[in-house]
file final30.txt (compact mmCIF, C-alpha atoms and all ligand atoms)
# COMPACT_ATOMS: atom_id res chain seq x y z
CA MET A 29 63.35 53.86 42.16
CA GLN A 30 60.34 54.54 39.99
CA GLN A 31 60.89 53.74 36.32
CA ARG A 32 60.41 56.69 33.98
CA ILE A 33 57.79 56.00 31.33
CA LYS A 34 58.42 57.38 27.86
CA LYS A 35 55.50 59.52 26.69
CA PRO A 36 54.12 58.41 23.35
CA LYS A 37 53.89 60.91 20.56
CA VAL A 38 50.23 61.50 19.94
CA MET A 39 48.73 61.66 16.43
CA ILE A 40 45.04 62.08 17.33
CA ASP A 41 43.49 63.51 20.46
CA LEU A 42 39.72 63.72 20.65
CA ILE A 43 38.62 65.36 23.86
CA LYS A 44 34.95 65.11 24.88
CA VAL A 45 33.79 65.44 21.29
CA SER A 46 30.14 65.58 20.31
CA LYS A 47 28.65 66.05 16.86
CA MET A 48 25.07 67.07 16.30
CA TYR A 49 23.70 67.37 12.77
CA PRO A 50 20.72 69.64 12.24
CA PRO A 51 17.98 69.53 13.26
CA LYS A 52 18.75 67.13 16.13
CA VAL A 53 20.77 64.08 15.06
CA GLU A 54 23.31 63.17 17.71
CA ALA A 55 25.98 61.41 15.62
CA LEU A 56 28.72 61.44 18.28
CA ALA A 57 28.46 61.99 22.04
CA ASP A 58 31.26 62.77 24.48
CA ILE A 59 33.98 60.83 22.68
CA SER A 60 37.52 60.93 24.04
CA ILE A 61 40.14 58.91 22.19
CA THR A 62 43.91 59.23 22.00
CA VAL A 63 45.73 57.53 19.14
CA ASN A 64 49.50 57.37 19.27
CA LYS A 65 51.73 57.84 16.25
CA GLY A 66 52.31 54.52 14.53
CA GLU A 67 49.16 52.90 15.90
CA ILE A 68 46.47 51.07 13.92
CA LEU A 69 42.99 51.61 15.36
CA PHE A 70 39.86 49.76 14.27
CA LEU A 71 36.62 51.70 14.67
CA THR A 72 33.64 49.37 14.65
CA GLY A 73 29.91 49.64 15.21
CA MET A 74 26.63 49.15 13.42
CA SER A 75 25.41 51.25 10.53
CA GLY A 76 24.68 54.77 11.78
CA ALA A 77 26.96 54.38 14.84
CA GLY A 78 29.01 57.47 13.93
CA LYS A 79 32.17 56.00 12.35
CA THR A 80 32.18 58.16 9.22
CA SER A 81 31.28 61.24 11.26
CA LEU A 82 34.30 60.64 13.48
CA LEU A 83 36.64 60.30 10.49
CA ARG A 84 35.19 63.47 8.97
CA LEU A 85 36.06 65.39 12.15
CA LEU A 86 39.65 64.19 11.92
CA CYS A 87 40.18 65.79 8.52
CA ARG A 88 38.04 68.85 9.29
CA ARG A 89 35.36 67.93 6.74
CA GLU A 90 33.07 68.54 9.73
CA LYS A 91 33.49 70.54 12.92
CA PRO A 92 32.54 69.17 16.33
CA THR A 93 29.52 70.68 18.09
CA LYS A 94 31.42 70.32 21.38
CA GLY A 95 34.92 69.32 22.39
CA PHE A 96 38.36 69.45 20.82
CA VAL A 97 39.93 67.64 17.91
CA GLU A 98 43.72 67.68 17.72
CA VAL A 99 45.69 66.06 14.92
CA ALA A 100 49.49 65.99 14.99
CA GLY A 101 49.43 68.48 17.86
CA GLU A 102 47.23 71.01 16.05
CA ASP A 103 43.83 72.08 17.38
CA LEU A 104 41.82 71.83 14.16
CA SER A 105 39.38 74.55 15.23
CA LYS A 106 42.24 77.06 15.18
CA LEU A 107 43.69 76.30 11.74
CA SER A 108 43.27 78.72 8.85
CA SER A 109 41.87 77.26 5.63
CA ARG A 110 45.37 77.40 4.11
CA LYS A 111 46.76 75.35 7.00
CA ILE A 112 43.89 72.89 6.72
CA GLN A 113 44.75 72.33 3.03
CA LYS A 114 48.37 71.76 4.03
CA MET A 115 47.40 69.39 6.82
CA ARG A 116 45.21 67.37 4.44
CA GLN A 117 48.24 66.70 2.24
CA ASN A 118 49.51 64.62 5.13
CA ILE A 119 46.28 62.67 5.56
CA GLY A 120 45.29 59.91 3.13
CA ILE A 121 41.55 59.38 3.06
CA ALA A 122 39.85 56.33 1.56
CA HIS A 123 36.22 57.47 1.48
CA GLN A 124 33.36 55.06 2.04
CA ASP A 125 31.77 56.33 -1.21
CA PHE A 126 35.16 56.35 -3.03
CA LYS A 127 34.97 59.90 -4.50
CA LEU A 128 36.92 58.96 -7.63
CA LEU A 129 36.84 61.12 -10.74
CA PRO A 130 34.86 58.87 -13.12
CA ASN A 131 36.17 60.46 -16.33
CA ARG A 132 39.83 60.09 -15.35
CA THR A 133 41.87 56.93 -15.60
CA VAL A 134 42.92 54.87 -12.63
CA ALA A 135 46.48 56.24 -12.94
CA GLN A 136 45.22 59.84 -13.06
CA ASN A 137 43.06 59.32 -9.97
CA ILE A 138 45.97 57.89 -8.00
CA ALA A 139 48.36 60.59 -9.20
CA ILE A 140 46.27 63.42 -7.75
CA SER A 141 47.55 63.23 -4.17
CA MET A 142 51.16 63.07 -5.35
CA GLU A 143 50.80 65.93 -7.86
CA VAL A 144 49.60 68.34 -5.18
CA SER A 145 52.80 67.72 -3.28
CA TYR A 146 54.95 68.16 -6.40
CA LYS A 147 56.29 64.61 -6.79
CA THR A 148 58.10 64.06 -10.09
CA PRO A 149 56.29 62.30 -12.97
CA VAL A 150 58.81 59.43 -12.77
CA HIS A 151 58.13 58.93 -9.05
CA ILE A 152 54.36 59.14 -9.62
CA ARG A 153 54.44 56.54 -12.40
CA ARG A 154 56.61 54.15 -10.40
CA ARG A 155 54.54 54.46 -7.22
CA THR A 156 51.24 54.08 -9.12
CA LYS A 157 52.44 50.89 -10.85
CA LYS A 158 53.70 49.41 -7.58
CA LEU A 159 50.44 50.10 -5.74
CA LEU A 160 48.30 48.70 -8.55
CA SER A 161 50.43 45.58 -8.63
CA GLN A 162 50.10 45.15 -4.84
CA LEU A 163 46.32 45.49 -5.11
CA GLY A 164 45.94 43.15 -8.10
CA LEU A 165 44.90 45.94 -10.49
CA SER A 166 47.87 46.28 -12.86
CA ASN A 167 45.70 45.59 -15.90
CA LYS A 168 43.36 48.53 -15.08
CA ILE A 169 45.95 51.33 -15.03
CA ASN A 170 44.53 53.07 -18.11
CA THR A 171 40.84 52.25 -17.49
CA LEU A 172 38.44 55.08 -16.68
CA ALA A 173 37.44 54.96 -13.01
CA GLY A 174 33.77 55.14 -14.01
CA GLU A 175 34.13 51.82 -15.86
CA LEU A 176 35.41 49.85 -12.84
CA SER A 177 33.48 47.44 -10.63
CA ARG A 178 32.82 48.62 -7.07
CA GLY A 179 35.54 46.37 -5.66
CA GLU A 180 38.02 47.79 -8.20
CA GLN A 181 36.97 51.36 -7.39
CA GLN A 182 37.45 50.62 -3.71
CA ARG A 183 41.02 49.47 -4.30
CA VAL A 184 41.82 52.54 -6.42
CA THR A 185 40.49 54.72 -3.59
CA ILE A 186 42.86 52.95 -1.19
CA ALA A 187 45.80 53.30 -3.58
CA ARG A 188 45.08 57.03 -3.89
CA ALA A 189 44.86 57.39 -0.09
CA VAL A 190 48.26 55.83 0.58
CA ALA A 191 50.11 56.96 -2.57
CA ASN A 192 51.70 60.04 -1.06
CA GLU A 193 52.89 58.11 2.02
CA PRO A 194 50.81 60.22 4.43
CA GLU A 195 51.49 60.19 8.16
CA LEU A 196 47.82 59.52 8.86
CA ILE A 197 45.53 57.23 6.87
CA LEU A 198 41.75 57.30 7.43
CA ALA A 199 40.09 54.32 5.76
CA ASP A 200 36.29 54.21 5.79
CA GLU A 201 34.95 50.69 5.15
CA PRO A 202 37.99 49.87 2.98
CA THR A 203 37.05 46.21 2.42
CA GLY A 204 33.26 46.49 2.16
CA ASN A 205 33.15 45.36 -1.49
CA LEU A 206 36.03 42.89 -1.51
CA ASP A 207 36.41 39.12 -1.36
CA SER A 208 38.65 37.60 1.30
CA GLU A 209 41.71 37.29 -0.95
CA THR A 210 41.53 40.92 -2.07
CA THR A 211 40.83 42.00 1.51
CA GLY A 212 44.14 40.33 2.39
CA LEU A 213 45.96 42.43 -0.24
CA VAL A 214 44.48 45.63 1.20
CA MET A 215 45.41 44.70 4.76
CA ASP A 216 48.95 43.77 3.66
CA LEU A 217 49.26 47.23 2.11
CA PHE A 218 47.99 48.94 5.27
CA ASN A 219 50.43 46.92 7.38
CA GLU A 220 53.28 47.93 5.08
CA CYS A 221 52.30 51.62 5.43
CA ASN A 222 52.09 51.17 9.20
CA GLN A 223 55.54 49.57 9.34
CA LYS A 224 56.88 52.64 7.53
CA GLY A 225 55.37 54.79 10.29
CA ALA A 226 51.83 55.66 9.22
CA THR A 227 49.09 55.91 11.82
CA ILE A 228 45.92 54.26 10.49
CA VAL A 229 42.28 54.49 11.56
CA ILE A 230 40.05 51.91 9.89
CA ALA A 231 36.27 52.21 10.21
CA THR A 232 34.76 48.83 9.42
CA HIS A 233 31.91 46.34 9.68
CA ASP A 234 34.21 43.59 8.41
CA GLU A 235 34.98 41.46 11.44
CA SER A 236 37.41 39.34 9.41
CA ILE A 237 39.96 42.18 9.39
CA TYR A 238 40.03 42.76 13.15
CA LYS A 239 38.95 39.50 14.82
CA ASN A 240 42.51 38.26 15.35
CA THR A 241 44.22 41.62 15.56
CA SER A 242 46.60 42.79 18.25
CA HIS A 243 45.63 46.38 17.47
CA ARG A 244 43.12 48.41 19.43
CA ILE A 245 39.42 48.15 18.61
CA ILE A 246 36.93 50.85 19.60
CA GLU A 247 33.23 50.19 19.18
CA LEU A 248 30.67 52.95 18.72
CA SER A 249 26.95 52.57 19.25
CA GLN A 250 24.54 55.38 18.40
CA GLY A 251 27.35 57.91 18.77
CA TYR A 252 28.66 56.63 22.08
CA MET A 253 31.85 54.74 22.75
CA VAL A 254 30.73 51.44 24.20
CA LYS A 255 33.83 49.29 24.09
CA SER A 256 37.55 49.71 23.80
CA ASP A 257 39.84 46.71 23.62
CA ASP A 258 43.27 47.86 24.69
CA ALA A 259 45.97 47.19 22.16
CA VAL A 260 48.95 44.96 22.73
CA TRP A 261 50.83 47.68 20.83
CA PRO A 262 51.39 50.20 23.67
CA ILE A 263 52.34 47.42 26.05
CA LEU A 264 54.90 46.01 23.63
CA SER A 265 56.39 49.43 23.07
CA GLY A 266 56.80 50.03 26.79
CA ILE A 267 54.11 52.72 26.99
CA ASP A 268 51.76 52.68 29.94
CA PRO A 269 48.30 53.74 28.60
CA SER A 270 47.33 54.89 32.09
CA GLN A 271 49.88 57.71 31.70
CA GLU A 272 48.05 59.22 28.74
CA GLU A 273 46.84 62.74 29.35
CA HIS A 274 43.27 62.06 28.20
CA PRO A 275 42.14 58.58 29.22
CA GLU A 276 39.30 57.19 27.13
CA SER A 277 35.81 57.61 28.49
CA ILE A 278 33.70 54.58 27.92
CA GLY A 279 29.96 54.42 28.13
CA HIS A 280 27.14 56.91 28.14
N1 LIG B 1 25.29 65.20 6.90
C1 LIG B 1 24.46 64.63 7.77
N2 LIG B 1 23.32 65.28 8.15
C2 LIG B 1 22.48 64.74 9.06
N3 LIG B 1 22.68 63.55 9.66
C3 LIG B 1 23.79 62.87 9.32
C4 LIG B 1 24.73 63.37 8.37
N4 LIG B 1 25.74 62.48 8.25
C5 LIG B 1 25.43 61.47 9.08
N5 LIG B 1 24.26 61.69 9.73
C6 LIG B 1 23.64 60.84 10.73
O1 LIG B 1 24.59 60.66 11.78
C7 LIG B 1 24.56 59.32 12.27
C8 LIG B 1 25.95 58.70 12.12
O2 LIG B 1 26.22 58.55 10.72
P1 LIG B 1 27.61 57.98 10.19
O3 LIG B 1 27.58 58.13 8.71
O4 LIG B 1 28.70 58.65 10.92
O5 LIG B 1 27.51 56.45 10.64
P2 LIG B 1 28.42 55.19 10.24
O6 LIG B 1 28.78 54.51 11.51
O7 LIG B 1 29.52 55.64 9.36
O8 LIG B 1 27.39 54.29 9.43
P3 LIG B 1 27.68 53.25 8.22
O9 LIG B 1 28.27 52.03 8.86
O10 LIG B 1 26.32 53.01 7.64
O11 LIG B 1 28.61 53.90 7.25
C9 LIG B 1 23.45 58.61 11.50
O12 LIG B 1 22.27 58.67 12.27
C10 LIG B 1 23.32 59.44 10.24
O13 LIG B 1 22.01 59.37 9.73
MG MG B 2 30.07 55.18 7.47
call {"tool": "encode", "arguments": {"input": "final30.txt", "output": "C-alpha cells"}}
result
Amino acid sequence: MQQRIKKPKVMIDLIKVSKMYPPKVEALADISITVNKGEILFLTGMSGAGKTSLLRLLCRREKPTKGFVEVAGEDLSKLSSRKIQKMRQNIGIAHQDFKLLPNRTVAQNIAISMEVSYKTPVHIRRRTKKLLSQLGLSNKINTLAGELSRGEQQRVTIARAVANEPELILADEPTGNLDSETTGLVMDLFNECNQKGATIVIATHDESIYKNTSHRIIELSQGYMVKSDDAVWPILSGIDPSQEEHPESIGH
C-alpha cells in the first residue's frame, strides 16, 4: 500500500517570478521557490544577485514584473493596501540598511512593531530588555539609534524585526557588520524564533552562518537561481519535496 505523504503548510510560494527595474535591469528571472512554514532558508549570491529584490517582493515593497508571489496563502497582487498593512504586522523585516529612527532611543525603535499590534507597555518593556540582553546590548537601551556603531544598529534592527514574534522573518545581511561572537548571538536568536515556529529567510554573503547548516541554501546569480541545496529539514519531518506543487526551477 502506498504511504500517504502529509502535505507541508506553505509560507512562501514564488511562481515563475521576474523583476525588471526601469529602464532594463533584470534583477530576478523566472524564480520559483516554495518555503514551508517553520523552515529556515539561506539566500546567497554575490552583490547584485537579486537577494534584496526577492525579499522586497515578499513583503510587497516591490511588485513582480511577471509571476506570482504568495505569502501565507495570499496572492500579494490581490491584497488591498489595508490587508497589506495587516500582513506586514506578521512579517519581521531586518533591512540591509537598518532603517532605524536615528532620533529615537534603542528601546523606542524596538517598541514600534509591538505598539502597532497593541501590546501592553509592560510586555513591550520586558520583551525589549530580553532581546537586548540576548544580543549583548543591554547597556544601550536608552541610547539614540543615531549614536550607535553599525554593528549595534544592525542588532537593534534584528531585535525590532523579531520583537513582535512574527510568523515570517526576512533578514537581509543580518550579520554583515558583526564579529563572529556577535554573529553567534544573532543566529541563536533566529534559531530560538524558528523553534517557536517562525519561518525565516536570511539573505547573506556570510558563509560562516550557513556553511555547516542543515537548512536549505538557494544561490542566486544575476537574478537567476543557480543552486539549491535541499534541506535535511523536509526529510526529517517526513515531507517528500517531490510532492510540492511548484518544484523549484534551477538554472537559466
Ligand atoms: N530600485 C532599483 N532600481 C533599479 N535597479 C535596482 C533597484 N534595486 C536594485 N536594483 C538592481 O537590481 C539588481 C539586484 O539588486 P539587489 O539589491 O536585489 O541585489 P543583492 O543581491 O541584494 O546585492 P547586495 O548583496 O549588494 O545587497 C542589481 O543589479 C541592482 O543594481
Ligand atoms: Mg542586498
call {"tool": "closest_residue", "arguments": {"input": "final30.txt", "among": "A:Glu201, A:Glu90, A:Glu67, A:Glu98", "to": "ligand MG 2 (chain B)", "atoms": "only C-alpha atoms and all ligand atoms"}}
result
A:Glu201
call {"tool": "residues_around", "arguments": {"input": "final30.txt", "residues": "Glu235 of chain A", "least_positions_apart": "5", "cutoff": "12 Å", "atoms": "only C-alpha atoms", "output": "list of chain:residue names"}}
result
A:Phe70, A:Leu71, A:Thr72, A:Gly73, A:Met74, A:Glu201, A:Thr203, A:Gly204, A:Ser208, A:Thr211, A:Ile230, A:Asn240, A:Thr241, A:Ile245, A:Glu247
call {"tool": "residues_near_ligand", "arguments": {"input": "final30.txt", "ligand": "ligand MG 2 (chain B)", "cutoff": "10 Å", "atoms": "all atoms listed in the file", "output": "number ranges by chain"}}
result
A: 72-84, 123-125, 200-201, 231-233
call {"tool": "atom_distance", "arguments": {"input": "final30.txt", "atom1": "atom N2 of ligand LIG 1 (chain B)", "atom2": "atom CA of Arg89 of chain A"}}
result
12.4 Å
call {"tool": "atom_distance", "arguments": {"input": "final30.txt", "atom1": "atom CA of Ile40 of chain A", "atom2": "atom CA of Asn64 of chain A"}}
result
6.8 Å
call {"tool": "closest_residue", "arguments": {"input": "final30.txt", "among": "A:Leu248, A:Gly66, A:Gln182, A:Ser109", "to": "Asn222 of chain A", "atoms": "all atoms listed in the file"}}
result
A:Gly66
call {"tool": "build_atoms", "arguments": {"input": "final30.txt", "residues": "segment 197-231 of chain A", "atoms": "N, CA and C atoms", "output": "compact mmCIF listing (two decimals), in the coordinates of the input"}}
result
# COMPACT_ATOMS: atom_id res chain seq x y z
N ILE A 197 46.43 57.80 7.87
CA ILE A 197 45.53 57.23 6.87
C ILE A 197 44.17 56.98 7.53
N LEU A 198 43.11 57.52 6.93
CA LEU A 198 41.75 57.30 7.43
C LEU A 198 41.02 56.46 6.39
N ALA A 199 40.69 55.23 6.74
CA ALA A 199 40.09 54.32 5.76
C ALA A 199 38.67 53.98 6.22
N ASP A 200 37.69 54.39 5.42
CA ASP A 200 36.29 54.21 5.79
C ASP A 200 35.72 53.02 5.04
N GLU A 201 35.45 51.95 5.74
CA GLU A 201 34.95 50.69 5.15
C GLU A 201 35.81 50.27 3.95
N PRO A 202 37.11 50.09 4.15
CA PRO A 202 37.99 49.87 2.98
C PRO A 202 37.84 48.50 2.33
N THR A 203 37.14 47.56 3.01
CA THR A 203 37.05 46.21 2.42
C THR A 203 35.59 45.80 2.19
N GLY A 204 34.70 46.78 2.24
CA GLY A 204 33.26 46.49 2.16
C GLY A 204 32.82 45.79 0.88
N ASN A 205 33.56 45.95 -0.21
CA ASN A 205 33.15 45.36 -1.49
C ASN A 205 34.11 44.28 -1.97
N LEU A 206 34.95 43.77 -1.06
CA LEU A 206 36.03 42.89 -1.51
C LEU A 206 35.87 41.45 -1.01
N ASP A 207 36.38 40.51 -1.81
CA ASP A 207 36.41 39.12 -1.36
C ASP A 207 37.58 38.95 -0.38
N SER A 208 37.67 37.76 0.21
CA SER A 208 38.65 37.60 1.30
C SER A 208 40.09 37.72 0.79
N GLU A 209 40.34 37.22 -0.43
CA GLU A 209 41.71 37.29 -0.95
C GLU A 209 42.13 38.74 -1.17
N THR A 210 41.22 39.51 -1.78
CA THR A 210 41.53 40.92 -2.07
C THR A 210 41.60 41.73 -0.78
N THR A 211 40.76 41.37 0.18
CA THR A 211 40.83 42.00 1.51
C THR A 211 42.23 41.81 2.09
N GLY A 212 42.78 40.62 1.90
CA GLY A 212 44.14 40.33 2.39
C GLY A 212 45.17 41.26 1.75
N LEU A 213 45.01 41.53 0.45
CA LEU A 213 45.96 42.43 -0.24
C LEU A 213 45.90 43.84 0.37
N VAL A 214 44.67 44.28 0.63
CA VAL A 214 44.48 45.63 1.20
C VAL A 214 45.10 45.70 2.59
N MET A 215 44.87 44.68 3.40
CA MET A 215 45.41 44.70 4.76
C MET A 215 46.94 44.60 4.75
N ASP A 216 47.48 43.83 3.79
CA ASP A 216 48.95 43.77 3.66
C ASP A 216 49.50 45.17 3.35
N LEU A 217 48.81 45.88 2.47
CA LEU A 217 49.26 47.23 2.11
C LEU A 217 49.20 48.16 3.33
N PHE A 218 48.09 48.10 4.08
CA PHE A 218 47.99 48.94 5.27
C PHE A 218 49.10 48.60 6.28
N ASN A 219 49.36 47.31 6.43
CA ASN A 219 50.43 46.92 7.38
C ASN A 219 51.78 47.44 6.92
N GLU A 220 52.01 47.40 5.61
CA GLU A 220 53.28 47.93 5.08
C GLU A 220 53.39 49.44 5.37
N CYS A 221 52.29 50.16 5.14
CA CYS A 221 52.30 51.62 5.43
C CYS A 221 52.57 51.85 6.92
N ASN A 222 51.93 51.03 7.75
CA ASN A 222 52.09 51.17 9.20
C ASN A 222 53.53 50.90 9.62
N GLN A 223 54.14 49.87 8.99
CA GLN A 223 55.54 49.57 9.34
C GLN A 223 56.47 50.71 8.95
N LYS A 224 56.07 51.47 7.93
CA LYS A 224 56.88 52.64 7.53
C LYS A 224 56.55 53.86 8.39
N GLY A 225 55.62 53.70 9.34
CA GLY A 225 55.37 54.79 10.29
C GLY A 225 54.00 55.41 10.27
N ALA A 226 53.15 55.01 9.31
CA ALA A 226 51.83 55.66 9.22
C ALA A 226 50.93 55.24 10.38
N THR A 227 50.17 56.19 10.87
CA THR A 227 49.09 55.91 11.82
C THR A 227 47.84 55.65 10.99
N ILE A 228 47.06 54.62 11.34
CA ILE A 228 45.92 54.26 10.49
C ILE A 228 44.67 54.07 11.34
N VAL A 229 43.59 54.72 10.92
CA VAL A 229 42.28 54.49 11.56
C VAL A 229 41.39 53.84 10.51
N ILE A 230 40.88 52.67 10.83
CA ILE A 230 40.05 51.91 9.89
C ILE A 230 38.65 51.76 10.46
N ALA A 231 37.67 52.39 9.81
CA ALA A 231 36.27 52.21 10.21
C ALA A 231 35.73 51.02 9.44
